[in-house]
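Q: The structure file run.cif (mmCIF, C-alpha atoms and all ligand atoms) is provided below.
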data_work
#
loop_
_atom_site.group_PDB
_atom_site.id
_atom_site.type_symbol
_atom_site.label_atom_id
_atom_site.label_comp_id
_atom_site.auth_asym_id
_atom_site.auth_seq_id
_atom_site.Cartn_x
_atom_site.Cartn_y
_atom_site.Cartn_z
ATOM 1 C CA MET A 1 -27.054 -66.346 -89.217
ATOM 2 C CA THR A 2 -23.733 -67.272 -90.854
ATOM 3 C CA ALA A 3 -24.010 -67.859 -94.589
ATOM 4 C CA ARG A 4 -23.425 -71.491 -95.460
ATOM 5 C CA ILE A 5 -20.446 -72.066 -97.751
ATOM 6 C CA ASP A 6 -19.715 -75.440 -99.395
ATOM 7 C CA ARG A 7 -16.575 -76.520 -101.215
ATOM 8 C CA VAL A 8 -17.345 -77.784 -104.711
ATOM 9 C CA TRP A 9 -13.773 -78.493 -105.810
ATOM 10 C CA PRO A 10 -11.347 -79.985 -104.859
ATOM 11 C CA GLU A 11 -12.638 -82.302 -102.112
ATOM 12 C CA PRO A 12 -16.334 -81.486 -102.029
ATOM 13 C CA THR A 13 -17.233 -80.555 -98.442
ATOM 14 C CA GLU A 14 -20.513 -79.251 -97.099
ATOM 15 C CA ASN A 15 -20.985 -76.381 -94.697
ATOM 16 C CA LEU A 16 -17.376 -75.284 -94.189
ATOM 17 C CA THR A 17 -16.375 -73.889 -90.830
ATOM 18 C CA ASP A 18 -14.402 -70.648 -90.640
ATOM 19 C CA GLU A 19 -11.330 -72.738 -89.777
ATOM 20 C CA ALA A 20 -11.808 -74.917 -92.854
ATOM 21 C CA ILE A 21 -12.086 -71.851 -95.090
ATOM 22 C CA ILE A 22 -9.003 -70.303 -93.487
ATOM 23 C CA GLU A 23 -7.133 -73.582 -93.988
ATOM 24 C CA SER A 24 -8.081 -73.588 -97.664
ATOM 25 C CA LEU A 25 -6.598 -70.082 -98.014
ATOM 26 C CA ALA A 26 -3.312 -70.881 -96.250
ATOM 27 C CA VAL A 27 -0.048 -69.778 -97.850
ATOM 28 C CA SER A 28 3.504 -70.380 -96.745
ATOM 29 C CA ARG A 29 5.303 -67.402 -98.258
ATOM 30 C CA PRO A 30 4.838 -63.643 -98.720
ATOM 31 C CA THR A 31 1.731 -63.172 -100.809
ATOM 32 C CA VAL A 32 -0.226 -60.454 -102.570
ATOM 33 C CA ARG A 33 -3.828 -61.634 -102.600
ATOM 34 C CA VAL A 34 -6.471 -59.583 -104.357
ATOM 35 C CA ASN A 35 -10.156 -59.822 -103.498
ATOM 36 C CA PHE A 36 -13.045 -58.644 -105.670
ATOM 37 C CA VAL A 37 -16.722 -59.274 -106.259
ATOM 38 C CA SER A 38 -18.119 -59.194 -109.782
ATOM 39 C CA SER A 39 -21.530 -59.664 -111.364
ATOM 40 C CA VAL A 40 -21.857 -62.606 -113.756
ATOM 41 C CA ASP A 41 -21.529 -60.186 -116.690
ATOM 42 C CA GLY A 42 -18.348 -58.647 -115.304
ATOM 43 C CA SER A 43 -19.431 -55.468 -113.535
ATOM 44 C CA ALA A 44 -17.441 -54.571 -110.423
ATOM 45 C CA THR A 45 -20.183 -52.269 -109.163
ATOM 46 C CA HIS A 46 -23.918 -52.052 -108.583
ATOM 47 C CA GLU A 47 -25.079 -48.431 -108.515
ATOM 48 C CA GLY A 48 -21.472 -47.273 -108.271
ATOM 49 C CA ARG A 49 -20.337 -49.443 -105.390
ATOM 50 C CA SER A 50 -19.354 -53.046 -104.793
ATOM 51 C CA GLY A 51 -21.592 -53.429 -101.734
ATOM 52 C CA GLY A 52 -24.690 -54.055 -103.858
ATOM 53 C CA LEU A 53 -22.988 -57.129 -105.358
ATOM 54 C CA SER A 54 -21.870 -58.605 -102.075
ATOM 55 C CA GLY A 55 -24.128 -61.259 -100.559
ATOM 56 C CA PRO A 56 -23.861 -62.837 -97.087
ATOM 57 C CA ALA A 57 -21.318 -65.466 -98.191
ATOM 58 C CA ASP A 58 -19.092 -62.857 -99.824
ATOM 59 C CA LYS A 59 -19.243 -60.757 -96.654
ATOM 60 C CA ARG A 60 -18.259 -63.778 -94.524
ATOM 61 C CA HIS A 61 -15.390 -64.632 -96.869
ATOM 62 C CA PHE A 62 -14.292 -60.964 -97.081
ATOM 63 C CA GLU A 63 -13.942 -60.873 -93.288
ATOM 64 C CA LEU A 64 -11.997 -64.162 -93.201
ATOM 65 C CA LEU A 65 -9.565 -62.786 -95.781
ATOM 66 C CA ARG A 66 -9.007 -59.777 -93.548
ATOM 67 C CA ARG A 67 -8.629 -62.073 -90.542
ATOM 68 C CA VAL A 68 -5.538 -63.778 -91.958
ATOM 69 C CA CYS A 69 -3.706 -60.831 -93.517
ATOM 70 C CA ASP A 70 -1.066 -58.455 -92.190
ATOM 71 C CA VAL A 71 -1.948 -55.477 -94.380
ATOM 72 C CA VAL A 72 -5.139 -54.427 -96.173
ATOM 73 C CA LEU A 73 -4.069 -52.400 -99.189
ATOM 74 C CA VAL A 74 -6.624 -50.239 -100.999
ATOM 75 C CA GLY A 75 -6.521 -47.610 -103.744
ATOM 76 C CA ALA A 76 -7.647 -44.125 -102.797
ATOM 77 C CA GLY A 77 -10.513 -44.244 -105.329
ATOM 78 C CA THR A 78 -12.055 -47.192 -103.502
ATOM 79 C CA VAL A 79 -11.471 -45.592 -100.111
ATOM 80 C CA ARG A 80 -13.398 -42.528 -101.347
ATOM 81 C CA GLU A 81 -16.196 -44.335 -103.243
ATOM 82 C CA GLU A 82 -16.791 -47.094 -100.721
ATOM 83 C CA ARG A 83 -16.461 -44.663 -97.794
ATOM 84 C CA TYR A 84 -13.967 -46.750 -95.879
ATOM 85 C CA GLY A 85 -13.705 -46.174 -92.153
ATOM 86 C CA PRO A 86 -10.891 -47.249 -89.845
ATOM 87 C CA MET A 87 -9.505 -50.727 -90.547
ATOM 88 C CA ARG A 88 -10.949 -52.814 -87.763
ATOM 89 C CA VAL A 89 -11.769 -56.514 -88.027
ATOM 90 C CA ARG A 90 -14.712 -58.030 -86.139
ATOM 91 C CA ASP A 91 -14.230 -59.172 -82.539
ATOM 92 C CA ALA A 92 -14.096 -62.872 -83.500
ATOM 93 C CA SER A 93 -11.393 -62.092 -86.050
ATOM 94 C CA ALA A 94 -9.405 -60.002 -83.564
ATOM 95 C CA ARG A 95 -9.584 -62.859 -81.027
ATOM 96 C CA TRP A 96 -8.479 -65.376 -83.679
ATOM 97 C CA ARG A 97 -5.574 -63.161 -84.690
ATOM 98 C CA VAL A 98 -4.332 -62.691 -81.127
ATOM 99 C CA ALA A 99 -4.638 -66.448 -80.504
ATOM 100 C CA HIS A 100 -2.444 -66.968 -83.580
ATOM 101 C CA GLY A 101 0.227 -64.510 -82.468
ATOM 102 C CA MET A 102 -0.918 -61.655 -84.698
ATOM 103 C CA PRO A 103 -1.866 -58.088 -83.751
ATOM 104 C CA PRO A 104 -5.658 -57.738 -83.273
ATOM 105 C CA HIS A 105 -6.104 -55.691 -86.457
ATOM 106 C CA PRO A 106 -4.308 -55.546 -89.806
ATOM 107 C CA VAL A 107 -2.547 -52.399 -90.974
ATOM 108 C CA PHE A 108 -4.515 -50.235 -93.404
ATOM 109 C CA ALA A 109 -2.366 -49.083 -96.337
ATOM 110 C CA ILE A 110 -3.777 -46.637 -98.899
ATOM 111 C CA VAL A 111 -2.227 -45.994 -102.307
ATOM 112 C CA THR A 112 -2.707 -42.423 -103.494
ATOM 113 C CA GLY A 113 -0.951 -40.343 -106.112
ATOM 114 C CA ASP A 114 -2.683 -37.048 -105.268
ATOM 115 C CA LEU A 115 -3.148 -37.332 -101.467
ATOM 116 C CA ASP A 116 -6.814 -36.583 -102.110
ATOM 117 C CA LEU A 117 -7.941 -37.881 -98.715
ATOM 118 C CA ASP A 118 -8.973 -36.192 -95.479
ATOM 119 C CA PRO A 119 -6.263 -36.613 -92.823
ATOM 120 C CA SER A 120 -8.820 -35.746 -90.118
ATOM 121 C CA SER A 121 -11.166 -38.594 -91.121
ATOM 122 C CA PRO A 122 -11.852 -41.533 -88.764
ATOM 123 C CA ILE A 123 -9.716 -43.672 -91.095
ATOM 124 C CA PHE A 124 -6.821 -42.054 -89.263
ATOM 125 C CA SER A 125 -8.267 -40.642 -86.027
ATOM 126 C CA ALA A 126 -10.030 -43.905 -85.037
ATOM 127 C CA ALA A 127 -7.469 -46.313 -86.466
ATOM 128 C CA PRO A 128 -6.543 -49.146 -84.093
ATOM 129 C CA VAL A 129 -3.174 -49.320 -85.881
ATOM 130 C CA ARG A 130 -1.354 -46.396 -87.455
ATOM 131 C CA PRO A 131 -2.208 -46.558 -91.185
ATOM 132 C CA ILE A 132 0.259 -46.309 -94.059
ATOM 133 C CA ILE A 133 -0.047 -43.834 -96.915
ATOM 134 C CA ILE A 134 1.794 -44.977 -100.033
ATOM 135 C CA THR A 135 2.407 -42.134 -102.432
ATOM 136 C CA SER A 136 4.905 -40.791 -104.947
ATOM 137 C CA ALA A 137 8.064 -38.813 -104.258
ATOM 138 C CA GLN A 138 6.456 -35.860 -106.052
ATOM 139 C CA ALA A 139 3.404 -35.848 -103.753
ATOM 140 C CA SER A 140 5.556 -36.367 -100.684
ATOM 141 C CA ALA A 141 7.398 -33.146 -101.522
ATOM 142 C CA SER A 142 4.147 -31.147 -101.380
ATOM 143 C CA ALA A 143 2.983 -29.217 -98.298
ATOM 144 C CA ALA A 144 -0.079 -31.490 -98.014
ATOM 145 C CA VAL A 145 2.027 -34.421 -96.893
ATOM 146 C CA GLU A 146 2.721 -32.936 -93.455
ATOM 147 C CA SER A 147 -0.843 -33.421 -92.239
ATOM 148 C CA PHE A 148 -0.666 -37.086 -93.276
ATOM 149 C CA GLU A 149 2.685 -37.614 -91.569
ATOM 150 C CA ARG A 150 1.032 -36.655 -88.281
ATOM 151 C CA VAL A 151 -1.526 -39.479 -88.550
ATOM 152 C CA ALA A 152 0.113 -42.147 -90.718
ATOM 153 C CA ASP A 153 3.420 -43.590 -91.859
ATOM 154 C CA VAL A 154 4.074 -42.115 -95.294
ATOM 155 C CA ILE A 155 5.981 -44.201 -97.820
ATOM 156 C CA ALA A 156 7.080 -42.286 -100.924
ATOM 157 C CA VAL A 157 8.037 -44.540 -103.812
ATOM 158 C CA GLY A 158 8.191 -43.703 -107.517
ATOM 159 C CA GLU A 159 8.147 -40.366 -109.293
ATOM 160 C CA GLY A 160 4.823 -39.491 -110.981
ATOM 161 C CA ARG A 161 3.091 -42.767 -110.075
ATOM 162 C CA VAL A 162 3.567 -44.978 -107.053
ATOM 163 C CA ASP A 163 6.158 -47.685 -107.740
ATOM 164 C CA LEU A 164 4.421 -50.803 -106.445
ATOM 165 C CA VAL A 165 7.574 -52.945 -106.500
ATOM 166 C CA GLU A 166 9.209 -50.528 -104.078
ATOM 167 C CA ALA A 167 5.989 -50.168 -102.101
ATOM 168 C CA LEU A 168 5.793 -53.912 -101.589
ATOM 169 C CA ALA A 169 9.472 -54.040 -100.616
ATOM 170 C CA ALA A 170 8.803 -51.357 -97.974
ATOM 171 C CA ILE A 171 5.802 -53.299 -96.651
ATOM 172 C CA HIS A 172 7.881 -56.468 -96.400
ATOM 173 C CA ALA A 173 10.736 -54.547 -94.749
ATOM 174 C CA ALA A 174 8.245 -53.399 -92.103
ATOM 175 C CA GLY A 175 7.671 -57.070 -91.271
ATOM 176 C CA HIS A 176 4.373 -57.641 -93.108
ATOM 177 C CA SER A 177 4.221 -60.637 -95.430
ATOM 178 C CA GLN A 178 0.524 -61.240 -96.157
ATOM 179 C CA VAL A 179 -0.931 -58.402 -98.211
ATOM 180 C CA LEU A 180 -4.633 -58.350 -99.022
ATOM 181 C CA CYS A 181 -5.530 -55.908 -101.778
ATOM 182 C CA GLU A 182 -9.230 -54.977 -101.775
ATOM 183 C CA GLY A 183 -8.985 -53.057 -105.052
ATOM 184 C CA GLY A 184 -10.012 -51.143 -106.831
ATOM 185 C CA PRO A 185 -9.655 -51.692 -110.560
ATOM 186 C CA THR A 186 -6.960 -49.042 -111.147
ATOM 187 C CA LEU A 187 -4.769 -50.362 -108.344
ATOM 188 C CA PHE A 188 -5.311 -53.957 -109.482
ATOM 189 C CA GLY A 189 -4.319 -52.925 -113.012
ATOM 190 C CA SER A 190 -1.167 -51.297 -111.637
ATOM 191 C CA PHE A 191 -0.331 -54.486 -109.730
ATOM 192 C CA LEU A 192 -0.875 -56.578 -112.862
ATOM 193 C CA ALA A 193 1.317 -54.245 -114.918
ATOM 194 C CA ALA A 194 4.078 -54.757 -112.340
ATOM 195 C CA ASP A 195 3.380 -58.534 -112.308
ATOM 196 C CA LEU A 196 3.075 -58.627 -108.530
ATOM 197 C CA ILE A 197 -0.133 -60.613 -108.019
ATOM 198 C CA ASP A 198 0.059 -64.062 -106.424
ATOM 199 C CA GLU A 199 -3.629 -64.814 -106.213
ATOM 200 C CA LEU A 200 -7.117 -63.547 -106.886
ATOM 201 C CA CYS A 201 -10.198 -64.349 -104.844
ATOM 202 C CA ILE A 202 -13.237 -63.436 -106.849
ATOM 203 C CA THR A 203 -16.850 -63.794 -105.844
ATOM 204 C CA ILE A 204 -19.287 -64.155 -108.719
ATOM 205 C CA ALA A 205 -22.508 -62.503 -107.633
ATOM 206 C CA PRO A 206 -25.559 -64.013 -109.338
ATOM 207 C CA THR A 207 -26.703 -60.848 -111.091
ATOM 208 C CA LEU A 208 -26.547 -59.345 -114.568
ATOM 209 C CA GLU A 209 -25.791 -55.644 -114.268
ATOM 210 C CA ALA A 210 -25.152 -54.421 -117.829
ATOM 211 C CA GLY A 211 -24.616 -50.635 -117.491
ATOM 212 C CA ASP A 212 -21.170 -49.082 -117.575
ATOM 213 C CA GLY A 213 -19.683 -50.283 -114.299
ATOM 214 C CA PRO A 214 -15.926 -50.949 -114.310
ATOM 215 C CA ARG A 215 -14.355 -54.378 -114.688
ATOM 216 C CA ILE A 216 -12.240 -55.541 -111.764
ATOM 217 C CA SER A 217 -9.029 -54.396 -113.469
ATOM 218 C CA HIS A 218 -8.025 -51.929 -116.110
ATOM 219 C CA GLY A 219 -4.887 -50.378 -117.528
ATOM 220 C CA GLY A 220 -2.171 -51.769 -119.754
ATOM 221 C CA VAL A 221 -0.324 -54.993 -119.018
ATOM 222 C CA PRO A 222 2.771 -56.179 -120.909
ATOM 223 C CA ALA A 223 1.301 -59.697 -121.314
ATOM 224 C CA ALA A 224 -1.775 -61.561 -120.143
ATOM 225 C CA ARG A 225 -1.034 -63.678 -117.088
ATOM 226 C CA ASP A 226 -2.251 -67.271 -116.892
ATOM 227 C CA MET A 227 -3.848 -68.252 -113.605
ATOM 228 C CA ARG A 228 -4.750 -71.693 -112.281
ATOM 229 C CA LEU A 229 -7.825 -72.572 -110.279
ATOM 230 C CA GLY A 230 -7.202 -73.023 -106.543
ATOM 231 C CA HIS A 231 -10.683 -73.855 -105.355
ATOM 232 C CA ILE A 232 -14.398 -73.370 -105.983
ATOM 233 C CA LEU A 233 -16.609 -72.517 -103.036
ATOM 234 C CA ARG A 234 -20.339 -72.073 -103.387
ATOM 235 C CA SER A 235 -23.128 -70.529 -101.379
ATOM 236 C CA GLY A 236 -26.432 -70.997 -103.174
ATOM 237 C CA ASP A 237 -26.072 -69.148 -106.477
ATOM 238 C CA GLU A 238 -22.921 -67.297 -105.367
ATOM 239 C CA LEU A 239 -19.501 -68.694 -106.364
ATOM 240 C CA LEU A 240 -16.297 -67.894 -104.506
ATOM 241 C CA LEU A 241 -13.318 -68.702 -106.696
ATOM 242 C CA ARG A 242 -9.632 -68.709 -105.846
ATOM 243 C CA TYR A 243 -7.133 -68.360 -108.677
ATOM 244 C CA LEU A 244 -3.398 -68.712 -108.175
ATOM 245 C CA ARG A 245 -0.499 -67.520 -110.244
ATOM 246 C CA GLY A 246 0.022 -70.100 -113.026
HETATM 247 N N1 LIG A 301 -16.217 -55.129 -107.008
HETATM 248 C C1 LIG A 301 -15.280 -54.968 -106.117
HETATM 249 O O1 LIG A 301 -14.901 -55.899 -105.407
HETATM 250 C C2 LIG A 301 -14.644 -53.600 -105.965
HETATM 251 C C3 LIG A 301 -13.513 -53.461 -105.148
HETATM 252 C C4 LIG A 301 -12.945 -52.197 -105.023
HETATM 253 C C5 LIG A 301 -13.476 -51.117 -105.700
HETATM 254 N N2 LIG A 301 -14.572 -51.302 -106.483
HETATM 255 C C6 LIG A 301 -15.161 -50.144 -107.189
HETATM 256 O O2 LIG A 301 -14.190 -49.557 -108.028
HETATM 257 C C7 LIG A 301 -14.483 -48.161 -108.159
HETATM 258 C C8 LIG A 301 -13.226 -47.352 -107.918
HETATM 259 O O3 LIG A 301 -12.331 -47.639 -108.974
HETATM 260 P P1 LIG A 301 -10.879 -47.015 -109.019
HETATM 261 O O4 LIG A 301 -10.159 -47.644 -110.148
HETATM 262 O O5 LIG A 301 -10.938 -45.508 -108.934
HETATM 263 O O6 LIG A 301 -10.294 -47.555 -107.634
HETATM 264 P P2 LIG A 301 -8.836 -47.577 -106.999
HETATM 265 O O7 LIG A 301 -7.887 -48.380 -107.793
HETATM 266 O O8 LIG A 301 -9.064 -47.979 -105.598
HETATM 267 O O9 LIG A 301 -8.422 -46.068 -106.932
HETATM 268 C C9 LIG A 301 -7.727 -45.399 -107.933
HETATM 269 C C10 LIG A 301 -6.889 -44.363 -107.230
HETATM 270 O O10 LIG A 301 -5.931 -45.040 -106.409
HETATM 271 C C11 LIG A 301 -4.695 -44.394 -106.512
HETATM 272 N N3 LIG A 301 -3.784 -45.282 -107.258
HETATM 273 C C12 LIG A 301 -4.007 -46.544 -107.696
HETATM 274 N N4 LIG A 301 -2.900 -47.047 -108.274
HETATM 275 C C13 LIG A 301 -1.972 -46.077 -108.205
HETATM 276 C C14 LIG A 301 -0.610 -45.969 -108.602
HETATM 277 N N5 LIG A 301 0.056 -46.984 -109.180
HETATM 278 N N6 LIG A 301 0.041 -44.788 -108.353
HETATM 279 C C15 LIG A 301 -0.586 -43.769 -107.745
HETATM 280 N N7 LIG A 301 -1.858 -43.800 -107.330
HETATM 281 C C16 LIG A 301 -2.534 -44.949 -107.564
HETATM 282 C C17 LIG A 301 -4.976 -43.079 -107.216
HETATM 283 O O11 LIG A 301 -5.391 -42.235 -106.155
HETATM 284 P P3 LIG A 301 -5.416 -40.622 -106.180
HETATM 285 O O12 LIG A 301 -6.575 -40.275 -107.044
HETATM 286 O O13 LIG A 301 -5.617 -40.218 -104.739
HETATM 287 O O14 LIG A 301 -4.126 -40.180 -106.744
HETATM 288 C C18 LIG A 301 -6.094 -43.476 -108.147
HETATM 289 O O15 LIG A 301 -6.863 -42.367 -108.586
HETATM 290 C C19 LIG A 301 -15.561 -47.825 -107.154
HETATM 291 O O16 LIG A 301 -16.785 -47.706 -107.825
HETATM 292 C C20 LIG A 301 -15.584 -49.044 -106.248
HETATM 293 O O17 LIG A 301 -16.870 -49.273 -105.738
HETATM 294 C C21 LIG A 301 -15.163 -52.518 -106.635
#
I need this file expressed as structure tokens, please.
A:
Amino acid sequence: MTARIDRVWPEPTENLTDEAIIESLAVSRPTVRVNFVSSVDGSATHEGRSGGLSGPADKRHFELLRRVCDVVLVGAGTVREERYGPMRVRDASARWRVAHGMPPHPVFAIVTGDLDLDPSSPIFSAAPVRPIIITSAQASASAAVESFERVADVIAVGEGRVDLVEALAAIHAAGHSQVLCEGGPTLFGSFLAADLIDELCITIAPTLEAGDGPRISHGGVPAARDMRLGHILRSGDELLLRYLRG
């Protein structure tokens, strides 16, 4: 059964349809949207992964975010830890996308400095759309890159680290305007350092984790960025918050 999601603010509305949620997420310009789930006390993981924090409403919302994006961008650490497979949205999402003039599935883009991924994995071999590997010029000069070039488009930007400004420019130049970043914390920190984030969707899972799980972002930023609240959705004890660039 679909998890019920209500809007608390603005315009309180009960039992939102998928269309109503999509409408509330609409944007009219190129956007980098980041999506995370966190425990109430700020842990981004439960037993090392985010899945243990994600309830039915978060899963529904997660899929709707994928439904409306052009590119799902993920750091290699998350791809490894969360054991990502090929980027394939659910059938209902694929139908919605085609009906709205979009390709059935978004492009999967992975940011990696070390190319520490398996080019023979289903991420590539079963991909409905050729994925993108975003790496540094240094890594792209290594022999390892050839096996990725056979299964993905490789974008090399930046010297030691990936230059996310250039990466985003390359994504836009390829015709993709709606970028959904699904983490993880290192990549989010890199995006914040480059001041490239337009919005954050964060689900607050109703648990206290303590432990030493990561926060949703880390790394140095030149200055804290103010965000403004876009909406508050609620499903039982779970909150789904949208924050926009201030
Ligand atoms: N709560 C949530 O919603 C959520 C979401 C996502 C992830 N997580 C959790 O976060 C943990 C993983 O954290 P993480 O920080 O390792 O994840 P991450 O940001 O996905 O991965 C870090 C890796 O991504 C690559 N990377 C990121 N930014 C880069 C840059 N500017 N230049 C070059 N490479 C860059 C590097 O890959 P290489 O090592 O290949 O060079 C780096 O080691 C997991 O436990 C996962 O479950 C939680």
Q: What is the distance between atom CA of A:Ile21 and atom C1 of ligand LIG 301 (chain A), in Å to one decimal?
A: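 If I compute the distance from atom CA of A:Ile21 to atom C1 of ligand LIG 301 (chain A), I get 20.4 Å.
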Q: Kindly resolve the PyMOL selection byres (((chain A and resi 52) around 12) and not hetatm) on the present coordinates and return the residues as a JSON list (two decimals) with C-alpha atoms, in the frame of the given file.
A:
[["chain", "number", "residue", "atom", "x", "y", "z"],
["A", 37, "VAL", "CA", -16.72, -59.27, -106.26],
["A", 38, "SER", "CA", -18.12, -59.19, -109.78],
["A", 39, "SER", "CA", -21.53, -59.66, -111.36],
["A", 43, "SER", "CA", -19.43, -55.47, -113.54],
["A", 44, "ALA", "CA", -17.44, -54.57, -110.42],
["A", 45, "THR", "CA", -20.18, -52.27, -109.16],
["A", 46, "HIS", "CA", -23.92, -52.05, -108.58],
["A", 47, "GLU", "CA", -25.08, -48.43, -108.52],
["A", 48, "GLY", "CA", -21.47, -47.27, -108.27],
["A", 49, "ARG", "CA", -20.34, -49.44, -105.39],
["A", 50, "SER", "CA", -19.35, -53.05, -104.79],
["A", 51, "GLY", "CA", -21.59, -53.43, -101.73],
["A", 53, "LEU", "CA", -22.99, -57.13, -105.36],
["A", 54, "SER", "CA", -21.87, -58.60, -102.08],
["A", 55, "GLY", "CA", -24.13, -61.26, -100.56],
["A", 56, "PRO", "CA", -23.86, -62.84, -97.09],
["A", 58, "ASP", "CA", -19.09, -62.86, -99.82],
["A", 59, "LYS", "CA", -19.24, -60.76, -96.65],
["A", 82, "GLU", "CA", -16.79, -47.09, -100.72],
["A", 205, "ALA", "CA", -22.51, -62.50, -107.63],
["A", 206, "PRO", "CA", -25.56, -64.01, -109.34],
["A", 207, "THR", "CA", -26.70, -60.85, -111.09],
["A", 209, "GLU", "CA", -25.79, -55.64, -114.27]]
Q: Residues of chain A that have any atom at most 8 Å from an atom of ligand LIG 301 (chain A): could you tabulate them with the shortest-distance atom pair and the distance in Å to one decimal, using all atoms listed in the file, ordered by chain and increasing number, as a Markdown table?
A:
| residue | atom | partner | partner_atom | distance |
| --- | --- | --- | --- | --- |
| A:Asn35 | CA | A:LIG301 | O1 | 6.4 |
| A:Phe36 | CA | A:LIG301 | O1 | 3.3 |
| A:Val37 | CA | A:LIG301 | O1 | 3.9 |
| A:Ser38 | CA | A:LIG301 | N1 | 5.3 |
| A:Ser43 | CA | A:LIG301 | N1 | 7.3 |
| A:Ala44 | CA | A:LIG301 | N1 | 3.7 |
| A:Thr45 | CA | A:LIG301 | N1 | 5.3 |
| A:Gly48 | CA | A:LIG301 | O16 | 4.7 |
| A:Arg49 | CA | A:LIG301 | O17 | 3.5 |
| A:Ser50 | CA | A:LIG301 | N1 | 4.4 |
| A:Gly51 | CA | A:LIG301 | O17 | 7.5 |
| A:Leu53 | CA | A:LIG301 | N1 | 7.3 |
| A:Val74 | CA | A:LIG301 | O8 | 5.7 |
| A:Gly75 | CA | A:LIG301 | O8 | 3.2 |
| A:Ala76 | CA | A:LIG301 | O10 | 4.1 |
| A:Gly77 | CA | A:LIG301 | O9 | 3.2 |
| A:Thr78 | CA | A:LIG301 | O8 | 3.7 |
| A:Val79 | CA | A:LIG301 | O8 | 6.4 |
| A:Glu81 | CA | A:LIG301 | C19 | 5.3 |
| A:Glu82 | CA | A:LIG301 | O17 | 5.5 |
| A:Ile110 | CA | A:LIG301 | O10 | 8.0 |
| A:Val111 | CA | A:LIG301 | C11 | 5.1 |
| A:Thr112 | CA | A:LIG301 | O11 | 3.8 |
| A:Gly113 | CA | A:LIG301 | O14 | 3.2 |
| A:Asp114 | CA | A:LIG301 | O14 | 3.8 |
| A:Leu115 | CA | A:LIG301 | O13 | 5.0 |
| A:Asp116 | CA | A:LIG301 | O13 | 4.6 |
| A:Leu117 | CA | A:LIG301 | O13 | 6.9 |
| A:Thr135 | CA | A:LIG301 | C15 | 6.3 |
| A:Ser136 | CA | A:LIG301 | C15 | 6.8 |
| A:Gly160 | CA | A:LIG301 | N6 | 7.6 |
| A:Arg161 | CA | A:LIG301 | N6 | 4.0 |
| A:Val162 | CA | A:LIG301 | N6 | 3.8 |
| A:Asp163 | CA | A:LIG301 | N5 | 6.3 |
| A:Leu164 | CA | A:LIG301 | N5 | 6.4 |
| A:Glu182 | CA | A:LIG301 | C3 | 5.7 |
| A:Gly183 | CA | A:LIG301 | C4 | 4.1 |
| A:Gly184 | CA | A:LIG301 | O8 | 3.5 |
| A:Pro185 | CA | A:LIG301 | O4 | 4.1 |
| A:Thr186 | CA | A:LIG301 | O7 | 3.5 |
| A:Leu187 | CA | A:LIG301 | O7 | 3.7 |
| A:Phe188 | CA | A:LIG301 | O7 | 6.4 |
| A:Gly189 | CA | A:LIG301 | N4 | 7.7 |
| A:Ser190 | CA | A:LIG301 | N5 | 5.1 |
| A:Phe191 | CA | A:LIG301 | N5 | 7.5 |
| A:Ile202 | CA | A:LIG301 | O1 | 7.9 |
| A:Gly213 | CA | A:LIG301 | O16 | 7.5 |
| A:Pro214 | CA | A:LIG301 | O2 | 6.7 |
| A:Arg215 | CA | A:LIG301 | N1 | 7.9 |
| A:Ile216 | CA | A:LIG301 | N1 | 6.2 |
| A:Ser217 | CA | A:LIG301 | O4 | 7.6 |
| A:His218 | CA | A:LIG301 | O4 | 7.6 |
Q: Please determine an axis-aligned box that encloses all atoms of stretch 6-14 of chain A listed in the file, with 6 Å added on each side, and express its centre and edge lengths in Å to one decimal as lines of an AutoDock Vina configuration file.
A:
center_x = -15.9
center_y = -78.9
center_z = -101.5
size_x = 21.2
size_y = 18.9
size_z = 20.7
Q: Smallest atom-to-atom distance to A:Leu25: which of A:Arg95, A:Arg83, A:His100, A:Arg67, using only C-alpha atoms?
A: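 Distance minimum relative to A:Leu25 lands on A:Arg67.
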Q: Excluding stretch 229-239 of chain A and its own-chain neighbours fewer than 2 positions away, which residues fall within 12 Å of it when counting all atoms listed in the file? Please give them as a PyMOL selection string.
A: chain A and resi 2-16+20-21+23-27+36-40+53-61+198-207+226-227+241-246
Q: Closest to A:Arg130 among A:Asp195, A:Asp118, A:Asp212, A:Asp153, using all atoms listed in the file?
A: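 For A:Arg130, the nearest of the given residues is A:Asp153.
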Q: May I have the residues within 9 Å of A:Ile155 as a VMD selection string, using all atoms listed in the file and disregarding those fewer than 2 positions away in the same chain?
A: chain A and resid 132 to 137 140 153 157 167 170
Q: Just say which residues the PyMOL selection byres (((chain A and resi 89) around 8) and not hetatm) picks in this file, as a PyMOL selection string.
A: chain A and resi 63+66-67+87-88+90-91+93-94+104-106
Q: Using only C-alpha atoms, which residue out of A:Val165, A:Ala152, A:Ala127, A:Met1 lies closest to A:Pro86?
A: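 Closest to A:Pro86, using only C-alpha atoms: A:Ala127.
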Q: Could you check how far atom CA of A:Glu19 sits from atom CA of A:Leu64, in Å to one decimal?
A: 9.3 Å
Q: Could you tell me how far atom CA of A:Pro128 lies from atom CA of A:Glu166, in Å and to one decimal?
A: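 Atom-to-atom, atom CA of A:Pro128 to atom CA of A:Glu166, that is 25.5 Å.
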Q: So that I can check the surroundings of A:Val151, please list as a short mmCIF file (atom, residue, chain, number, x, y, z; two decimals) with C-alpha atoms, keeping the file's coordinate frame every protein, DNA and RNA residue that reaches within 8 Å of it, counting only C-alpha atoms and ignoring chain neighbours fewer than 3 positions away.
A:
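Result file result.cif:
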data_model
loop_
_atom_site.label_atom_id
_atom_site.label_comp_id
_atom_site.auth_asym_id
_atom_site.auth_seq_id
_atom_site.Cartn_x
_atom_site.Cartn_y
_atom_site.Cartn_z
CA PRO A 119 -6.26 -36.61 -92.82
CA PHE A 124 -6.82 -42.05 -89.26
CA SER A 125 -8.27 -40.64 -86.03
CA ARG A 130 -1.35 -46.40 -87.46
CA PRO A 131 -2.21 -46.56 -91.18
CA SER A 147 -0.84 -33.42 -92.24
CA PHE A 148 -0.67 -37.09 -93.28
#
